[in-house]
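With TSV, C-alpha atoms inside, this is coords14.tsv:
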chain	number	residue	atom	x	y	z
A	1	MET	CA	122.61	127.03	80.98
A	2	GLN	CA	122.49	123.59	82.60
A	3	SER	CA	119.39	121.85	83.83
A	4	ILE	CA	119.49	120.50	87.39
A	5	ILE	CA	116.67	118.14	86.40
A	6	ILE	CA	118.60	116.63	83.51
A	7	GLU	CA	121.89	116.38	85.39
A	8	ARG	CA	120.18	114.52	88.21
A	9	ALA	CA	118.32	112.29	85.74
A	10	LYS	CA	121.65	111.31	84.15
A	11	LYS	CA	122.86	110.21	87.57
A	12	GLY	CA	119.64	108.31	88.28
A	13	THR	CA	119.00	110.59	91.24
A	14	PHE	CA	115.48	111.38	92.43
A	15	THR	CA	114.28	114.83	91.41
A	16	LEU	CA	111.18	116.61	92.71
A	17	ILE	CA	109.58	119.36	90.63
A	18	ALA	CA	107.12	121.55	92.53
A	19	GLU	CA	104.53	122.58	89.97
A	20	ILE	CA	103.31	125.94	91.17
A	21	GLY	CA	101.36	126.27	87.93
A	22	VAL	CA	99.06	129.23	88.47
A	23	ASN	CA	98.25	128.52	92.12
A	24	TYR	CA	99.95	131.77	93.12
A	25	TYR	CA	96.87	133.75	92.06
A	26	ASP	CA	94.80	132.16	94.83
A	27	ILE	CA	97.63	132.52	97.34
A	28	ALA	CA	97.87	136.19	96.43
A	29	ALA	CA	94.14	136.72	96.98
A	30	GLN	CA	94.23	134.81	100.27
A	31	ARG	CA	97.20	136.78	101.64
A	32	GLY	CA	96.40	140.16	100.18
A	33	ILE	CA	99.59	140.40	98.14
A	34	THR	CA	100.33	140.78	94.44
A	35	PRO	CA	100.43	137.70	92.23
A	36	ILE	CA	104.13	138.24	91.48
A	37	ALA	CA	104.89	138.45	95.20
A	38	ALA	CA	102.87	135.27	95.76
A	39	ALA	CA	104.69	133.49	92.93
A	40	CYS	CA	108.09	134.37	94.41
A	41	LEU	CA	106.85	133.44	97.90
A	42	MET	CA	105.86	130.01	96.60
A	43	VAL	CA	109.29	129.61	94.99
A	44	ASP	CA	110.85	130.31	98.38
A	45	HIS	CA	108.64	127.74	100.10
A	46	ALA	CA	109.31	125.15	97.38
A	47	LEU	CA	113.04	125.66	97.87
A	48	ALA	CA	112.67	125.37	101.65
A	49	SER	CA	110.77	122.11	101.17
A	50	GLY	CA	113.74	120.61	99.31
A	51	ALA	CA	112.26	120.68	95.79
A	52	HIS	CA	114.87	120.82	93.06
A	53	ALA	CA	112.86	122.82	90.54
A	54	VAL	CA	109.67	124.83	90.23
A	55	LYS	CA	107.38	124.83	87.24
A	56	PHE	CA	104.77	127.36	86.19
A	57	GLN	CA	102.23	127.37	83.34
A	58	THR	CA	102.30	130.07	80.68
A	59	TYR	CA	99.19	130.60	78.60
A	60	LYS	CA	96.56	132.99	77.36
A	61	ALA	CA	92.97	131.81	77.48
A	62	GLN	CA	92.19	133.06	73.98
A	63	THR	CA	94.98	130.99	72.41
A	64	LEU	CA	94.44	127.94	74.59
A	65	ALA	CA	90.72	127.14	74.57
A	66	ALA	CA	87.63	127.94	72.57
A	67	LYS	CA	84.94	129.64	74.60
A	68	ALA	CA	82.78	126.53	74.38
A	69	SER	CA	85.48	124.18	75.74
A	70	PRO	CA	83.97	122.02	78.52
A	71	SER	CA	85.65	121.24	81.84
A	72	TYR	CA	87.51	117.99	82.65
A	73	TRP	CA	88.15	118.47	86.38
A	74	ASP	CA	86.34	117.84	89.67
A	75	LEU	CA	83.52	120.40	89.59
A	76	SER	CA	82.97	120.02	93.33
A	77	GLU	CA	86.43	121.49	93.83
A	78	GLU	CA	86.57	123.81	90.82
A	79	PRO	CA	83.01	124.77	89.77
A	80	THR	CA	83.99	126.67	86.60
A	81	CYS	CA	82.50	124.68	83.71
A	82	SER	CA	84.29	126.47	80.88
A	83	GLN	CA	87.99	125.98	80.23
A	84	PHE	CA	88.13	129.43	78.68
A	85	GLU	CA	86.59	131.09	81.72
A	86	LEU	CA	88.86	129.22	84.13
A	87	PHE	CA	92.05	129.95	82.22
A	88	LYS	CA	91.05	133.60	81.81
A	89	LYS	CA	91.27	133.98	85.60
A	90	PHE	CA	94.93	132.99	85.60
A	91	ASP	CA	96.54	134.39	82.46
A	92	SER	CA	97.61	137.93	83.31
A	93	PHE	CA	101.37	137.26	83.41
A	94	ASN	CA	103.53	138.11	80.42
A	95	GLU	CA	107.26	137.85	79.70
A	96	GLN	CA	108.07	140.61	82.18
A	97	GLU	CA	106.62	138.64	85.09
A	98	TYR	CA	108.21	135.33	84.08
A	99	ALA	CA	111.57	137.06	83.66
A	100	GLN	CA	111.23	138.36	87.21
A	101	ILE	CA	110.33	134.90	88.57
A	102	ALA	CA	113.15	133.25	86.63
A	103	LYS	CA	115.65	135.73	88.07
A	104	HIS	CA	114.32	135.10	91.56
A	105	CYS	CA	114.74	131.35	91.03
A	106	MET	CA	118.29	131.85	89.79
A	107	ASP	CA	119.12	134.05	92.78
A	108	MET	CA	117.66	131.48	95.16
A	109	GLY	CA	119.35	128.49	93.49
A	110	ILE	CA	116.34	126.53	92.26
A	111	GLU	CA	115.64	125.64	88.63
A	112	PHE	CA	112.88	127.57	86.86
A	113	LEU	CA	110.71	126.26	84.09
A	114	SER	CA	107.24	126.96	82.80
A	115	THR	CA	105.11	124.94	80.43
A	116	PRO	CA	104.35	127.06	77.35
A	117	PHE	CA	100.97	126.60	75.73
A	118	ASP	CA	101.51	128.76	72.65
A	119	PHE	CA	104.27	129.68	70.21
A	120	GLU	CA	104.78	133.16	71.65
A	121	SER	CA	105.42	131.96	75.19
A	122	ALA	CA	107.59	129.09	73.93
A	123	ASP	CA	109.76	131.73	72.25
A	124	TYR	CA	110.11	134.23	75.06
A	125	LEU	CA	110.59	131.58	77.77
A	126	ASP	CA	113.56	130.16	75.88
A	127	LYS	CA	116.07	132.57	77.39
A	128	TYR	CA	115.00	131.69	80.94
A	129	MET	CA	114.89	127.87	80.80
A	130	ALA	CA	117.42	125.10	80.35
A	131	VAL	CA	114.72	122.53	79.60
A	132	TYR	CA	111.24	122.62	78.08
A	133	LYS	CA	108.14	120.95	79.49
A	134	ILE	CA	105.38	119.86	77.11
A	135	SER	CA	101.96	119.13	78.54
A	136	SER	CA	100.10	115.88	77.89
A	137	SER	CA	97.40	118.01	76.31
A	138	ASP	CA	99.83	119.03	73.56
A	139	LEU	CA	101.27	115.58	72.88
A	140	THR	CA	99.51	115.40	69.50
A	141	ASN	CA	100.05	119.09	68.69
A	142	ILE	CA	102.77	118.20	66.21
A	143	PRO	CA	103.45	121.71	64.83
A	144	PHE	CA	103.98	122.93	68.39
A	145	ILE	CA	106.12	119.88	69.24
A	146	LYS	CA	108.35	120.61	66.24
A	147	HIS	CA	108.67	124.24	67.27
A	148	ILE	CA	109.81	123.37	70.79
A	149	ALA	CA	112.08	120.55	69.62
A	150	GLY	CA	113.74	123.05	67.30
A	151	LYS	CA	114.94	125.03	70.31
A	152	GLY	CA	117.60	122.36	70.77
A	153	LYS	CA	117.05	121.92	74.49
A	154	PRO	CA	116.17	118.88	76.63
A	155	ILE	CA	112.46	118.13	76.84
A	156	LEU	CA	110.16	116.83	79.54
A	157	LEU	CA	107.10	115.30	77.85
A	158	SER	CA	104.03	114.22	79.79
A	159	VAL	CA	102.26	111.32	78.07
A	160	GLY	CA	98.90	111.27	79.87
A	161	ALA	CA	95.68	110.31	78.06
A	162	SER	CA	97.63	108.89	75.13
A	163	ASN	CA	97.96	105.62	73.27
A	164	VAL	CA	101.30	104.09	72.36
A	165	ASP	CA	101.01	105.04	68.68
A	166	GLU	CA	100.60	108.68	69.67
A	167	ILE	CA	103.61	108.57	72.00
A	168	ASP	CA	105.65	106.85	69.29
A	169	ALA	CA	104.74	109.53	66.75
A	170	THR	CA	105.62	112.37	69.09
A	171	VAL	CA	108.92	110.82	70.16
A	172	ARG	CA	109.82	110.24	66.49
A	173	THR	CA	108.96	113.86	65.73
A	174	ILE	CA	111.20	115.10	68.52
A	175	ARG	CA	114.07	112.78	67.64
A	176	LYS	CA	114.12	113.88	63.98
A	177	ILE	CA	114.93	117.39	65.19
A	178	ASN	CA	116.35	117.13	68.68
A	179	GLN	CA	118.85	114.67	70.18
A	180	GLN	CA	118.97	116.30	73.60
A	181	PRO	CA	117.91	114.31	76.70
A	182	LEU	CA	114.24	113.38	76.75
A	183	VAL	CA	112.22	112.69	79.90
A	184	LEU	CA	108.89	110.90	79.43
A	185	LEU	CA	106.50	111.48	82.32
A	186	HIS	CA	103.77	108.95	82.95
A	187	CYS	CA	100.64	110.90	83.78
A	188	VAL	CA	96.92	110.35	84.26
A	189	LEU	CA	94.75	113.28	83.18
A	190	GLU	CA	92.17	112.83	85.90
A	191	TYR	CA	91.94	115.56	88.51
A	192	PRO	CA	92.32	114.23	91.12
A	193	THR	CA	93.53	110.74	90.14
A	194	PRO	CA	92.15	107.97	92.40
A	195	VAL	CA	94.90	105.65	93.58
A	196	THR	CA	93.15	102.81	91.75
A	197	HIS	CA	93.69	104.70	88.48
A	198	VAL	CA	97.35	105.74	88.78
A	199	ASN	CA	98.43	102.72	86.68
A	200	LEU	CA	102.07	102.98	87.67
A	201	ASN	CA	103.10	99.95	85.62
A	202	ARG	CA	103.00	102.31	82.67
A	203	ILE	CA	106.34	103.53	84.03
A	204	VAL	CA	107.75	100.05	83.40
A	205	SER	CA	106.25	100.00	79.91
A	206	LEU	CA	107.79	103.37	79.08
A	207	LYS	CA	111.21	102.20	80.32
A	208	GLU	CA	111.05	99.08	78.18
A	209	ARG	CA	109.80	100.77	75.02
A	210	TYR	CA	111.75	104.02	74.94
A	211	ASP	CA	115.35	103.04	75.45
A	212	GLY	CA	117.51	106.09	75.95
A	213	ALA	CA	114.76	108.23	77.45
A	214	PHE	CA	114.60	109.05	81.13
A	215	ILE	CA	111.33	108.14	82.81
A	216	GLY	CA	109.36	110.12	85.35
A	217	TYR	CA	105.87	110.63	86.70
A	218	SER	CA	103.54	113.62	86.85
A	219	ASP	CA	101.22	112.90	89.76
A	220	HIS	CA	97.67	114.15	90.23
A	221	SER	CA	96.64	111.93	93.14
A	222	VAL	CA	95.73	113.45	96.50
A	223	PRO	CA	98.70	113.28	98.90
A	224	ASP	CA	98.27	111.01	101.92
A	225	ALA	CA	100.43	110.13	104.90
A	226	THR	CA	102.02	107.08	103.27
A	227	LYS	CA	103.12	108.72	100.00
A	228	ASP	CA	102.81	105.21	98.58
A	229	VAL	CA	102.04	106.46	95.06
A	230	ILE	CA	105.30	108.38	94.80
A	231	LYS	CA	107.31	105.64	96.53
A	232	ALA	CA	105.93	103.00	94.17
A	233	ALA	CA	106.60	105.23	91.16
A	234	TYR	CA	110.21	105.58	92.27
A	235	LEU	CA	110.64	101.84	92.80
A	236	LEU	CA	109.24	101.18	89.32
A	237	GLY	CA	111.83	103.47	87.78
A	238	ALA	CA	110.50	107.04	87.83
A	239	ARG	CA	113.34	109.37	88.77
A	240	VAL	CA	111.74	112.72	87.92
A	241	ILE	CA	108.56	113.41	89.86
A	242	GLU	CA	106.41	116.42	89.10
A	243	LYS	CA	103.59	117.34	91.48
A	244	HIS	CA	101.38	120.37	91.89
A	245	PHE	CA	102.40	122.59	94.80
A	246	THR	CA	100.41	124.88	97.07
A	247	LEU	CA	100.76	126.66	100.37
A	248	ASP	CA	97.19	125.77	101.37
A	249	LYS	CA	95.55	122.51	100.30
A	250	THR	CA	92.17	123.67	101.65
A	251	LEU	CA	91.82	126.39	99.02
A	252	LYS	CA	89.02	125.74	96.58
A	253	GLY	CA	89.56	125.72	92.88
A	254	ASN	CA	92.21	125.00	90.31
A	255	ASP	CA	95.09	122.76	91.48
A	256	HIS	CA	95.16	123.10	95.27
A	257	TYR	CA	93.02	120.10	96.19
A	258	HIS	CA	95.38	117.49	94.72
A	259	ALA	CA	98.63	119.40	95.32
A	260	MET	CA	101.40	118.79	97.80
A	261	ASP	CA	102.33	121.44	100.33
A	262	VAL	CA	105.67	122.07	102.03
A	263	ALA	CA	105.14	119.30	104.59
A	264	ASP	CA	104.19	116.83	101.84
A	265	ALA	CA	107.25	117.72	99.75
A	266	LYS	CA	109.57	117.27	102.72
A	267	ASP	CA	107.90	113.95	103.54
A	268	ILE	CA	108.22	112.73	99.96
A	269	LEU	CA	111.91	113.58	99.88
A	270	ASN	CA	112.54	111.95	103.26
A	271	LYS	CA	110.71	108.79	102.24
A	272	ILE	CA	112.50	108.55	98.91
A	273	SER	CA	115.83	109.18	100.63
A	274	HIS	CA	115.05	106.25	102.94
A	275	ILE	CA	114.15	104.05	99.96
A	276	GLU	CA	117.36	105.07	98.17
A	277	ALA	CA	119.31	104.04	101.25
A	278	LEU	CA	117.46	100.71	101.29
A	279	CYS	CA	118.08	100.10	97.60
A	280	GLY	CA	121.79	100.97	97.63
A	281	ASN	CA	123.76	101.10	94.40
A	282	GLY	CA	123.22	97.56	93.16
A	283	ASP	CA	126.91	96.73	92.79
A	284	LEU	CA	127.54	92.99	93.06
A	285	VAL	CA	130.45	93.31	95.48
A	286	VAL	CA	131.12	92.48	99.13
A	287	LEU	CA	130.24	95.25	101.56
A	288	GLU	CA	132.85	96.30	104.07
A	289	THR	CA	130.33	95.58	106.81
A	290	GLU	CA	130.10	91.96	105.60
A	291	ALA	CA	133.82	91.26	106.02
A	292	ALA	CA	133.60	89.55	109.44
A	293	ALA	CA	130.60	87.46	108.43
A	294	ARG	CA	132.23	86.54	105.12
A	295	ARG	CA	135.35	85.39	106.98
A	296	ASN	CA	133.66	83.52	109.84
A	297	ALA	CA	130.42	82.20	108.34
A	298	ARG	CA	131.94	80.64	105.23
A	299	ARG	CA	133.49	77.16	105.38
A	300	SER	CA	136.95	75.68	105.08
A	301	VAL	CA	138.26	72.12	104.72
A	302	VAL	CA	138.52	70.39	108.12
A	303	SER	CA	139.96	66.98	109.08
A	304	THR	CA	137.43	64.30	110.09
A	305	ARG	CA	140.04	62.18	111.94
A	306	GLU	CA	143.64	62.14	113.12
A	307	ILE	CA	146.10	62.16	110.20
A	308	SER	CA	149.70	61.05	110.67
A	309	ALA	CA	152.68	62.70	109.00
A	310	GLY	CA	153.34	60.98	105.66
A	311	GLN	CA	149.80	59.66	105.36
A	312	VAL	CA	148.10	60.06	101.96
A	313	ILE	CA	144.94	62.17	102.10
A	314	THR	CA	141.64	60.54	101.08
A	315	THR	CA	138.20	62.04	100.62
A	316	GLU	CA	136.97	60.40	103.82
A	317	MET	CA	139.48	62.37	105.87
A	318	LEU	CA	137.94	65.68	104.82
A	319	THR	CA	134.80	67.71	105.50
A	320	CYS	CA	133.90	71.41	105.43
A	321	LYS	CA	133.08	73.55	108.45
A	322	ARG	CA	133.20	77.16	109.55
A	323	PRO	CA	135.13	79.49	109.66
A	324	GLY	CA	136.29	80.35	106.16
A	325	THR	CA	139.90	81.15	106.99
A	326	GLY	CA	141.43	77.89	105.76
A	327	ILE	CA	141.44	76.02	102.48
A	328	PRO	CA	138.20	76.84	100.58
A	329	PRO	CA	135.74	73.96	99.95
A	330	GLY	CA	136.24	74.39	96.22
A	331	GLU	CA	139.90	73.35	96.67
A	332	GLN	CA	139.13	70.17	98.63
A	333	ASP	CA	139.73	67.83	95.68
A	334	ARG	CA	143.27	69.16	95.29
A	335	LEU	CA	144.12	67.80	98.75
A	336	VAL	CA	143.20	64.23	97.85
A	337	GLY	CA	146.38	62.31	97.07
A	338	MET	CA	148.70	64.70	98.88
A	339	LYS	CA	150.74	63.63	101.91
A	340	ALA	CA	150.56	65.20	105.34
A	341	LYS	CA	153.82	66.90	106.36
A	342	ILE	CA	152.86	66.92	110.04
A	343	ASN	CA	150.58	65.09	112.45
A	344	ILE	CA	147.10	66.60	112.18
A	345	ASN	CA	144.48	66.30	114.92
A	346	GLU	CA	140.82	65.54	114.26
A	347	ASP	CA	138.65	68.66	113.58
A	348	THR	CA	141.61	70.77	112.47
A	349	LEU	CA	141.16	73.69	110.10
A	350	LEU	CA	143.52	72.67	107.30
A	351	GLN	CA	146.12	74.95	105.68
A	352	TRP	CA	148.22	74.34	102.55
A	353	ASP	CA	151.52	74.33	104.46
A	354	MET	CA	150.42	71.14	106.28
A	355	PHE	CA	150.84	69.13	103.05
A	356	ASN	CA	153.51	68.28	100.50

If you convert what's in this file into structure tokens, what do you get?
Amino acid sequence: MQSIIIERAKKGTFTLIAEIGVNYYDIAAQRGITPIAAACLMVDHALASGAHAVKFQTYKAQTLAAKASPSYWDLSEEPTCSQFELFKKFDSFNEQEYAQIAKHCMDMGIEFLSTPFDFESADYLDKYMAVYKISSSDLTNIPFIKHIAGKGKPILLSVGASNVDEIDATVRTIRKINQQPLVLLHCVLEYPTPVTHVNLNRIVSLKERYDGAFIGYSDHSVPDATKDVIKAAYLLGARVIEKHFTLDKTLKGNDHYHAMDVADAKDILNKISHIEALCGNGDLVVLETEAAARRNARRSVVSTREISAGQVITTEMLTCKRPGTGIPPGEQDRLVGMKAKININEDTLLQWDMFN
């Protein structure tokens, strides 16, 4: 099983992951359909938007959060104050449902993955995924990190809300067990993330510190018309972008208010495609389209006066002018001391066959 995400990362190609998460529950309620139908519907829309992969979240409230766990999100958008109570609303799926979604993704031709939040889901998701995603919230959960690393598959690791010593420790833990490709995703655990807090230069820091890892960005900012956050992340080196996905950004609660919709995803991909075209491949070679300019805008050695046949060439007889189809300026000194074979008019583009 090959990962589209990893193959594209190896090529340095932009990859967009639509994180459906558990947003399908609200879509199901809004549209009067079952959650599994809503999940598959969202997969279809993500594919139509151009996304390369979809990601879900697999958890059970009782294994994820103590009942007294406080919230860390925008309570004006999601008023549930208890993590346990919020997660309990969205944890009814088991392996059977994820198997069905994974098959639908395979049939449709889009990569499936889901972030496991417990050992059980990490185990049963293994047969459906080519790559694992580890949440920022589990970055210091070393026993769990070891368990996932032991699966021997590539890993996407979000590094939000972490210090460099914690990232170092987790990367070392993974690398002791697993030498598969590793994608580190810059992330800010602030829902939503104000644009003044996105701190995209962390992408540069990750690139410099973790040689050999691919770098990406998990975005929680509110989409706007410019998509400047994603564009800047790309230009700084993020090639894998993960962003929450919804079919209705006006829905209250959970991850709709900072998610992208189909139009946003299409716009992101169009804008990044334009930037990729602007950036080119970086090869330090002449473009075919530059050939005429290269030929006509460069200079050649030109005579400054009339030169008679047999006359010895001196520096004062020579200058350099356009076009560049004669003797290159760098060869001018070789002409000095030669004799003209023919009479040469003033302002003549000189050629080697004019001289002995």

| said: Give me, as a list in words, all polymer residues having an atom no more than 9 Å from range 61-66 of chain A, counting all atoms listed in the file and skipping those fewer than 6 positions away in the same chain. | reply: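 Near range 61-66 of chain A, the qualifying residues are Gln83, Phe84, Glu85, Leu86, Phe87, Lys88, Lys89, Phe90, Asp91, Phe117 and Asp118 of chain A.
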
| message | So that I can see what lies close to range 213-224 of chain A, please list as an NGL selection string the residues with an atom at most 9 Å from it, counting all atoms listed in the file and leaving out residues fewer than 3 positions away in the same chain. | response | :A and (6 or 9-10 or 12 or 156 or 158 or 160 or 181-195 or 198 or 200 or 203-204 or 206-207 or 210 or 227-230 or 233-234 or 237-244 or 257-260 or 264)

| said: Using all atoms listed in the file, which protein or nucleic acid residues come within 12 Å of Ser92 in chain A? Drop anything in the same chain fewer than 3 positions from it, and give the result as a ChimeraX atom specification. | reply: /A:22,24-25,34-36,57-62,87-89,95-98

Save out the residues we just selected, C-alpha atoms, as an mmCIF file, in the coordinates of the input.
data_model
loop_
_atom_site.group_PDB
_atom_site.id
_atom_site.type_symbol
_atom_site.label_atom_id
_atom_site.label_comp_id
_atom_site.auth_asym_id
_atom_site.auth_seq_id
_atom_site.Cartn_x
_atom_site.Cartn_y
_atom_site.Cartn_z
ATOM 1 C CA VAL A 22 99.060 129.230 88.470
ATOM 2 C CA TYR A 24 99.950 131.770 93.120
ATOM 3 C CA TYR A 25 96.870 133.750 92.060
ATOM 4 C CA THR A 34 100.330 140.780 94.440
ATOM 5 C CA PRO A 35 100.430 137.700 92.230
ATOM 6 C CA ILE A 36 104.130 138.240 91.480
ATOM 7 C CA GLN A 57 102.230 127.370 83.340
ATOM 8 C CA THR A 58 102.300 130.070 80.680
ATOM 9 C CA TYR A 59 99.190 130.600 78.600
ATOM 10 C CA LYS A 60 96.560 132.990 77.360
ATOM 11 C CA ALA A 61 92.970 131.810 77.480
ATOM 12 C CA GLN A 62 92.190 133.060 73.980
ATOM 13 C CA PHE A 87 92.050 129.950 82.220
ATOM 14 C CA LYS A 88 91.050 133.600 81.810
ATOM 15 C CA LYS A 89 91.270 133.980 85.600
ATOM 16 C CA GLU A 95 107.260 137.850 79.700
ATOM 17 C CA GLN A 96 108.070 140.610 82.180
ATOM 18 C CA GLU A 97 106.620 138.640 85.090
ATOM 19 C CA TYR A 98 108.210 135.330 84.080
#

| message | I'd like to know which of A:Ala28, A:Ala39, A:Ala99, A:Val312 is closest to Ser121 in chain A, using only C-alpha atoms. | response |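 Distance minimum relative to Ser121 in chain A lands on A:Ala99.
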
| query | At a cut-off of 6 Å from (108.8, 120.7, 99.8) in the coordinates of the file, what residues are picked up using all atoms listed in the file, written as a list in words? | reply |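 Those residues, ordered by chain and then number, are Ala46, Ser49, Gly50, Ala51, Val262, Ala265 and Lys266 of chain A.
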
| task | Tell me, as a list in words, which residues lie within 12 Å of Ile275 in chain A, counting all atoms listed in the file; anything in the same chain fewer than 4 positions away does not count. | result | Thr13, Phe14, Lys227, Asp228, Ile230, Lys231, Ala232, Ala233, Tyr234, Leu235, Ile268, Leu269, Asn270, Lys271, Cys279, Gly280 and Asn281 of chain A

| task | Compile the contact shell of Lys103 in chain A as JSON, numbers by chain: residues with an atom at most 10 Å away, counting all atoms listed in the file, same-chain residues fewer than 6 positions apart removed. | result | {"A": [40, 97, 109, 112, 128]}

| query | Hey, which of A:Ala48, A:Ala292, A:Leu251, A:Val131 ends up closest to Glu78 in chain A? Count all atoms listed in the file. | reply |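 Between A:Ala48, A:Ala292, A:Leu251, A:Val131, the residue approaching Glu78 in chain A most closely is A:Leu251.
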
| request: Give me, please, the distance in Å between CA of Arg209 in chain A and CA of Ala130 in chain A, quoted to one decimal. | output: 26.0 Å

| query | Expressed in Å to a single decimal, how great is the separation between CA of Leu47 in chain A and CA of Ser137 in chain A? | reply |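 It comes out at 27.7 Å.
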